[in-house]
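First comes the structure, then the notes that go with it.
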Amino acid sequence: MNKLFSFLATLTAFLLVYGLYQALVAAPTERTMGDVQRIFYYHVPSAWTAFCLFFTNLIASIVYLVRRNIKADALAVASAEVGVVFCTIVLVTGPIWARPVWGIWWTWDLRLTTTLVLWLIYVSYLVLRRFSDTAQTPILAAVLAVFGALDVPLVYFSIWFFRTQHPRPVMGGGGSLDPRMLHAFLINLLAFSCFGAMVCWARVRLELLRREVEEAHAMESLAGADAAGAKPSLPLNRSSR
Amino acid sequence: MNAIKFLYAAYIATWLIHAFYLGTLARRFKRLHRQLKELGKE
């Protein structure tokens, strides 16, 4: 398993370096926006990866609600956390791109606002997981994830159904992309997807390890309590989260 | 601030966020392994 992880991580690192070269060097400069348009090669793949991770969170949450599967719950936490990281990148690179192109850092249009709401929903999910530790927490979090995921199609389709400051996508929106730009974009899309999957995989392993440590702590407390003949207390190792 | 600086700012911000997050993951892994070791499970 470790060998496979190392091999895929190396492959992902290669893809990311190649993607960076494609985005900054190989792709031609866009005519109207100039070099700042190259932010597109990081902004859109980050958004795509965040959406995929939130979708994974939805599926894992449903599986947990139906089967009470611990691994599904670990995957739900991991995908939400990594999804928030990618969504943060979208919310940071978007305004940096908007400032020289639109002349403003931010506007409360539907695409931007729903993306911010999406980020807030999943941050709330993580706060719930971090600060609540009852037996009901994974169930409540899974329900929140199912409702939170409803915002994903709203973010995606907001630019199709409403007039927004945010432009419609070039591909599938009536426009076309230079083949070299398309190549750079697809390489980065693949690189970011692989990177997101690898980080999520690592985060799942971390979550399972954290549960193992908690279990070991609980067993140790039980053993200690048995020896002392007292009622056991179960310390939870919150600092490890 | 010209446009190229915005481009660099976006790329640097992206990798700083990723580096920070990967750093927190590595730190958490290290702490958990240490705790497992202390508990005698490794």
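Chain labels A, B, ... are given in the sequence in which chains occur in the structure tokens; within each chain residues are numbered consecutively from 1, and ligands are likewise numbered from 1 in the order shown.
Near chain A, within 9 Å and counting only C-alpha atoms, the residues of chain B are Asn2, Ala3, Ile4, Lys5, Phe6, Leu7, Tyr8, Ala9, Ala10, Tyr11, Ala13, Thr14, Ile17, His18, Tyr21, Leu22, Leu25, Arg28, Phe29, Arg31, Leu32, His33, Gln35, Leu36, Leu39 and Lys41 of chain B.
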Open item on the list: Taking only stretch 15-216 of chain A into account, list the residues labelled helix (DSSP H, G or I) by DSSP (computed from the backbone), as a PyMOL selection string.
Closed with: chain A and resi 15-26+35-67+70-102+110-131+137-148+151-161+179-216
Open item on the list: Which residues are near stretch 114-118 of chain A? Cut-off 8 Å, only C-alpha atoms, ignore same chain within fewer than 6 positions. Put them as JSON, numbers by chain.
Closed with: {"A": [87, 91, 148, 151, 152, 154, 155]}
Open item on the list: What's around A:Leu190 at 10 Å? Count only C-alpha atoms, leave out sequence neighbours fewer than 6 positions away in its own chain, and write the answer as JSON, numbers by chain.
Closed with: {"A": [12, 15, 16, 19, 45, 49, 196]}
TODO: May I ask for the distance between atom CA of A:Phe185 and atom CA of A:Trp48, given in Å to one decimal place?
DONE: 11.7 Å
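Of the listed residues (A:Gln22, A:Ser158, A:Asn57, A:Ser124), A:Ser158 comes nearest to A:Asp109; the distances count only C-alpha atoms.
As for atom CA of A:Pro28 and atom CA of A:Trp160, they are spaced 27.6 Å apart.
In this model, the gap between atom CA of A:Val146 and atom CA of A:Phe54 comes to 9.8 Å.
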